[in-house]
There are 2 protein chains.
Amino acid sequence: MNHTILLKNRPQGTPQLSDFEFQKDDKALNIAEGELLLEAKYISVDPYLRGRMSDAKSYVPPFNLNEPIASGVVAQVKASKNKNFSEGDFVSGLLAWKTEQISNGEGLNKVSPDLAPLSAYLGVLGMTGLTAFLGLHEIGKPKAGETLLVSGAAGAVGSVVGQIGKILGLRVVGIAGTDEKVNLLKKDFGFDDVINYNTTTDMLQAIKTTCPDGVDVYFDNVGGAISDAALFSINRFARIIICGAISVYNKTETPTGVAVQPFLVKNSALMQGFIVSNYADKFPEAMKQLSEWLAKGQLKYTETIVDGFENTPQAFIDLFSGKNKGKMIVKI
Amino acid sequence: MNHTILLKNRPQGTPQLSDFEFQKDDKALNIAEGELLLEAKYISVDPYLRGRMSDAKSYVPPFNLNEPIASGVVAQVKASKNKNFSEGDFVSGLLAWKTEQISNGEGLNKVSPDLAPLSAYLGVLGMTGLTAFLGLHEIGKPKAGETLLVSGAAGAVGSVVGQIGKILGLRVVGIAGTDEKVNLLKKDFGFDDVINYNTTTDMLQAIKTTCPDGVDVYFDNVGGAISDAALFSINRFARIIICGAISVYNKTETPTGVAVQPFLVKNSALMQGFIVSNYADKFPEAMKQLSEWLAKGQLKYTETIVDGFENTPQAFIDLFSGKNKGKMIVKI
């Protein structure tokens, strides 16, 4: 039996279970020459998918209604008529939310369960790790001794960003939403300090206190009031990486906030939107460095693994209330 | 008799005449070895001076209360004991708002009334022209065929930015505040289209209409609602130069507006604060190009020249209601 998850409605505000539809059929999937049959093992759910569920113009085309959603998936080859892949191989790539599907192999990378757990290829050794590494390097241009502030610090990208910052010799301050996350980031991930935005009444002052020398690089995963507060601490020539704005993805009206322009001009500061797919030419180099750090134990990661294909929509919805620590992944 | 203008109070909101104080004294100014005596001829009044009148942390230190204000000035050497300057020379530099003053020559450039009118050295061949040229090139990275949107288009910087855009082969759309300015920009400065923000009820739509292919480079001199509207038309990989935010300089509360982060991430766009003094190493090259264009008649400029040292504070105040066309200069 093959199961598929379709986009039923374009979500209004926070996505609901009713925006998704399950479909099953028991037609046999027959592969032609050059094709392979894949069985999904792990599915990545990511905040950016919210954008593709809307029909607003964006950097990736929107999902079509009544068609399968797609995201990063690790799958196993069940049958192959493609010379590049053999039965039993594991691959990762952008695939549909289906338990089984046919692929022509394009865009798939073979991954090895001997080098790292398979789920890591959706996280620290996948788009998450690449986003953290390349966003920080290409826009943030971090220098030892500088201060790096990371919002969404306990999230998949944020926790890797902070660790890379420490490896590179920066003071790293995180912003997260529970005391448990704060402790995790400080104890396990080596953050110098972490602010709990849910228990802090004055974010502006909290950032000033934890970043006494100001903020040189701000890696922004959240947008909204937290990012507004960060503006008041940026240094001259600060670099702000806009990697995500999870706090506003579900807003139905145009979000407003503190005007950034006066802060940018006063500090000759830079703010740039980061989308990892623009930097595909740097993936091999980044992946090499991430694998090395991981092998040496310099890079840790957390995952929140949800069991069962049928829980994929809920796992996605839970991203927006911060139920995940680190990368949110569904195990099939 | 030597006249001086001091900063009496830090302005609250829009500067008032009462924030300035005139002082006169008839002490003879005697120059020592290496010094020169200068007589001011033209004084530049600029929006950015508003920032230096506040005591907020910024890229240039604030003016001290009860001390002279300083800005770009063209002066004539009345007496010299400095081998680099002779009596009768004209110089430009950052000088005090005084009819006469002593200098050691540091930071002064000799300028020639034979190459261009002296006032031009405060405008198109001064910081204004350098700001337009370097802001556009260093951050905007304009390419022929792209669309350039310029706010404050009839201002000193904006009118030069637009003309450079045309020289480089871009579609140039300006935003200005009166029909007279609109006509000037279209007829004399070659802008492809100009929006009058005071008679336009829907800025968002007006920008969409005048920039049918979207905005690749936005040169922002004003901030506020105009810049918010521009966000809705930016293209993928757009570059936004934050050169000024005159619409909010006099605000006493933190200005708010549309959150830029979602637009930047969606479009992989860049927004960067520009301060010309950070690019001093590029001044000679930029000046050479500007002089060439000016000599060839490819670059025009307008000035609003106010007569009389005593009118300097009012000329400065008038910047904020857009009374100037092009560079605002006081002739002594």
# chains A, B, ... in the order shown; residues from 1 in each chain; ligands from 1
>>> select_by_dssp(residues="range 72-258 of chain B", states="helix (DSSP H, G or I)", output="JSON, numbers by chain")
{"B": [118, 119, 120, 121, 122, 127, 128, 129, 130, 131, 132, 133, 134, 135, 136, 137, 138, 139, 140, 156, 157, 158, 159, 160, 161, 162, 163, 164, 165, 166, 167, 179, 180, 181, 182, 183, 184, 185, 186, 187, 203, 204, 205, 206, 207, 208, 209, 210, 224, 225, 226, 227, 228, 229, 230, 231]}
>>> residues_around(residues="Phe63 in chain A", least_positions_apart="2", cutoff="7 Å", atoms="only C-alpha atoms", output="list in words")
Arg52, Met53, Pro61, Leu65 and Ile69 of chain A
>>> interface_residues(of="chain B", to="chain A", cutoff="6 Å", atoms="only C-alpha atoms", output="VMD selection string")
chain B and resid 58 to 59 242 255 to 259 264 to 266 268 to 274
>>> write_last_selection(atoms="C-alpha atoms", output="mmCIF file, in the first residue's frame")
data_model
loop_
_atom_site.group_PDB
_atom_site.id
_atom_site.type_symbol
_atom_site.label_atom_id
_atom_site.label_comp_id
_atom_site.auth_asym_id
_atom_site.auth_seq_id
_atom_site.Cartn_x
_atom_site.Cartn_y
_atom_site.Cartn_z
ATOM 1 C CA SER B 58 26.311 57.005 15.526
ATOM 2 C CA TYR B 59 29.031 56.680 12.943
ATOM 3 C CA ILE B 242 20.222 52.774 2.563
ATOM 4 C CA PRO B 255 10.141 54.610 13.764
ATOM 5 C CA THR B 256 8.241 51.510 12.695
ATOM 6 C CA GLY B 257 7.153 50.185 9.330
ATOM 7 C CA VAL B 258 6.731 47.105 7.220
ATOM 8 C CA ALA B 259 9.054 44.297 8.380
ATOM 9 C CA LEU B 264 14.737 40.061 1.942
ATOM 10 C CA VAL B 265 14.656 36.319 2.538
ATOM 11 C CA LYS B 266 12.016 35.681 -0.123
ATOM 12 C CA SER B 268 17.636 36.777 -1.532
ATOM 13 C CA ALA B 269 17.883 40.534 -1.409
ATOM 14 C CA LEU B 270 20.474 42.745 0.223
ATOM 15 C CA MET B 271 19.997 45.950 2.193
ATOM 16 C CA GLN B 272 23.050 47.861 3.348
ATOM 17 C CA GLY B 273 23.698 51.141 5.080
ATOM 18 C CA PHE B 274 25.991 53.392 3.072
#
>>> residues_around(residues="Asp114 in chain A", least_positions_apart="6", cutoff="12 Å", atoms="only C-alpha atoms", output="ChimeraX atom specification")
/A:89-90,120-121,295
>>> residues_around(residues="range 100-103 of chain A", least_positions_apart="5", cutoff="12 Å", atoms="only C-alpha atoms", output="mmCIF file with C-alpha atoms, in the first residue's frame")
data_model
loop_
_atom_site.group_PDB
_atom_site.id
_atom_site.type_symbol
_atom_site.label_atom_id
_atom_site.label_comp_id
_atom_site.auth_asym_id
_atom_site.auth_seq_id
_atom_site.Cartn_x
_atom_site.Cartn_y
_atom_site.Cartn_z
ATOM 1 C CA MET A 1 0.000 0.000 0.000
ATOM 2 C CA ASN A 2 1.441 3.385 -0.994
ATOM 3 C CA HIS A 3 0.543 6.421 1.120
ATOM 4 C CA THR A 4 0.720 10.040 -0.026
ATOM 5 C CA ILE A 5 0.172 13.390 1.704
ATOM 6 C CA LYS A 24 -3.589 5.559 -0.375
ATOM 7 C CA ASP A 25 -3.555 3.220 -3.294
ATOM 8 C CA ASP A 26 -2.277 -0.247 -3.948
ATOM 9 C CA LYS A 27 -1.294 0.081 -7.575
ATOM 10 C CA ALA A 28 2.050 -1.599 -8.208
ATOM 11 C CA LEU A 29 4.826 0.884 -9.075
ATOM 12 C CA ASN A 30 6.706 -0.389 -12.130
ATOM 13 C CA ILE A 31 10.003 1.231 -13.037
ATOM 14 C CA ALA A 32 11.165 1.877 -16.574
ATOM 15 C CA GLU A 33 14.751 1.914 -17.863
ATOM 16 C CA GLY A 34 16.780 4.550 -15.973
ATOM 17 C CA GLU A 35 14.377 4.700 -13.069
ATOM 18 C CA LEU A 36 14.458 3.516 -9.491
ATOM 19 C CA LEU A 37 11.846 2.671 -6.903
ATOM 20 C CA LEU A 38 12.333 4.405 -3.572
ATOM 21 C CA GLU A 39 10.995 3.683 -0.123
ATOM 22 C CA ALA A 40 10.991 6.699 2.197
ATOM 23 C CA LYS A 41 12.856 6.286 5.478
ATOM 24 C CA TYR A 42 13.083 9.800 6.917
ATOM 25 C CA PRO A 68 1.901 15.802 -2.944
ATOM 26 C CA ALA A 70 7.795 17.580 -1.198
ATOM 27 C CA VAL A 73 13.761 12.826 2.215
ATOM 28 C CA VAL A 74 16.150 9.956 2.885
ATOM 29 C CA ALA A 75 14.976 6.858 1.031
ATOM 30 C CA GLN A 76 16.176 3.362 0.250
ATOM 31 C CA VAL A 77 16.367 1.960 -3.260
ATOM 32 C CA LYS A 78 14.007 -1.022 -3.496
ATOM 33 C CA ALA A 79 14.590 -1.667 -7.194
ATOM 34 C CA SER A 80 16.787 0.015 -9.789
ATOM 35 C CA LYS A 81 17.065 0.140 -13.555
ATOM 36 C CA ASN A 82 19.510 3.067 -13.220
ATOM 37 C CA PHE A 85 22.052 3.236 -8.036
ATOM 38 C CA VAL A 91 19.776 8.309 -1.107
ATOM 39 C CA SER A 92 18.754 11.800 -0.051
ATOM 40 C CA GLY A 93 17.029 14.418 -2.145
ATOM 41 C CA LEU A 94 13.964 16.552 -2.619
ATOM 42 C CA LEU A 95 11.181 13.972 -2.804
ATOM 43 C CA LEU A 108 19.611 12.351 -5.565
ATOM 44 C CA PHE A 309 4.405 8.765 8.166
ATOM 45 C CA ILE A 332 8.769 6.149 8.441
#
>>> select_by_dssp(residues="range 87-213 of chain A", states="strand (DSSP E)", output="PyMOL selection string")
chain A and resi 90-96+100-103+109-111+147-151+171-176+193-196
>>> write_last_selection(atoms="C-alpha atoms", output="compact mmCIF listing (two decimals), in the first residue's frame")
# COMPACT_ATOMS: atom_id res chain seq x y z
CA PHE A 90 20.34 4.95 0.58
CA VAL A 91 19.78 8.31 -1.11
CA SER A 92 18.75 11.80 -0.05
CA GLY A 93 17.03 14.42 -2.15
CA LEU A 94 13.96 16.55 -2.62
CA LEU A 95 11.18 13.97 -2.80
CA ALA A 96 7.44 13.74 -2.42
CA GLU A 100 7.00 4.80 -2.10
CA GLN A 101 7.82 6.68 -5.29
CA ILE A 102 9.63 6.38 -8.58
CA SER A 103 12.60 8.63 -9.44
CA ASN A 109 22.79 11.87 -3.55
CA LYS A 110 23.90 8.52 -2.20
CA VAL A 111 24.37 8.63 1.57
CA THR A 147 30.10 38.51 18.89
CA LEU A 148 27.57 36.28 17.11
CA LEU A 149 23.92 36.44 18.13
CA VAL A 150 21.66 33.59 16.95
CA SER A 151 17.87 33.57 17.17
CA ARG A 171 31.49 34.87 21.46
CA VAL A 172 28.16 33.16 20.78
CA VAL A 173 24.88 34.21 22.34
CA GLY A 174 21.65 32.37 21.57
CA ILE A 175 17.97 33.19 21.89
CA ALA A 176 15.59 30.30 22.58
CA ASP A 193 25.11 32.74 26.95
CA VAL A 194 21.48 32.14 26.01
CA ILE A 195 18.40 34.31 26.48
CA ASN A 196 14.99 32.72 27.11
>>> residues_around(residues="Ser44 in chain B", least_positions_apart="5", cutoff="8 Å", atoms="only C-alpha atoms", output="ChimeraX atom specification")
/B:71-73,122,328-330
>>> write_last_selection(atoms="N, CA and C atoms", output="PDB file, in the first residue's frame")
ATOM      1  N   SER B  71      30.537  71.330   8.707  1.00  0.00           N
ATOM      2  CA  SER B  71      30.048  70.580   7.539  1.00  0.00           C
ATOM      3  C   SER B  71      31.004  70.865   6.379  1.00  0.00           C
ATOM      4  N   GLY B  72      30.653  70.413   5.208  1.00  0.00           N
ATOM      5  CA  GLY B  72      31.474  70.709   4.049  1.00  0.00           C
ATOM      6  C   GLY B  72      31.459  72.207   3.754  1.00  0.00           C
ATOM      7  N   VAL B  73      32.641  72.760   3.546  1.00  0.00           N
ATOM      8  CA  VAL B  73      32.753  74.201   3.303  1.00  0.00           C
ATOM      9  C   VAL B  73      33.787  74.433   2.199  1.00  0.00           C
ATOM     10  N   LEU B 122      30.926  71.185  -3.357  1.00  0.00           N
ATOM     11  CA  LEU B 122      30.131  70.715  -2.214  1.00  0.00           C
ATOM     12  C   LEU B 122      29.022  69.783  -2.687  1.00  0.00           C
ATOM     13  N   MET B 328      21.567  71.784  -1.407  1.00  0.00           N
ATOM     14  CA  MET B 328      21.284  73.021  -0.667  1.00  0.00           C
ATOM     15  C   MET B 328      22.605  73.596  -0.164  1.00  0.00           C
ATOM     16  N   ILE B 329      22.875  74.835  -0.571  1.00  0.00           N
ATOM     17  CA  ILE B 329      24.166  75.458  -0.271  1.00  0.00           C
ATOM     18  C   ILE B 329      23.935  76.892   0.191  1.00  0.00           C
ATOM     19  N   VAL B 330      24.714  77.298   1.163  1.00  0.00           N
ATOM     20  CA  VAL B 330      24.649  78.694   1.622  1.00  0.00           C
ATOM     21  C   VAL B 330      25.868  79.434   1.086  1.00  0.00           C
TER      22      VAL B 330
END
>>> closest_residue(among="A:Gly123, A:Pro62, A:Ser86, A:Leu168", to="Gly155 in chain A", atoms="only C-alpha atoms")
A:Gly123
>>> residues_around(residues="Lys325 in chain A", least_positions_apart="4", cutoff="8 Å", atoms="only C-alpha atoms", output="PDB file with C-alpha atoms, in the first residue's frame")
ATOM      1  CA  ALA A 154      17.811  25.645  19.580  1.00  0.00           C
ATOM      2  CA  GLY A 155      16.378  25.050  16.126  1.00  0.00           C
ATOM      3  CA  ALA A 156      17.965  22.877  13.489  1.00  0.00           C
ATOM      4  CA  LYS A 181      16.620  24.676  25.429  1.00  0.00           C
ATOM      5  CA  THR A 302      19.916  17.273  18.237  1.00  0.00           C
ATOM      6  CA  GLU A 303      16.962  15.838  16.452  1.00  0.00           C
ATOM      7  CA  THR A 304      13.345  15.548  17.327  1.00  0.00           C
TER       8      THR A 304
END
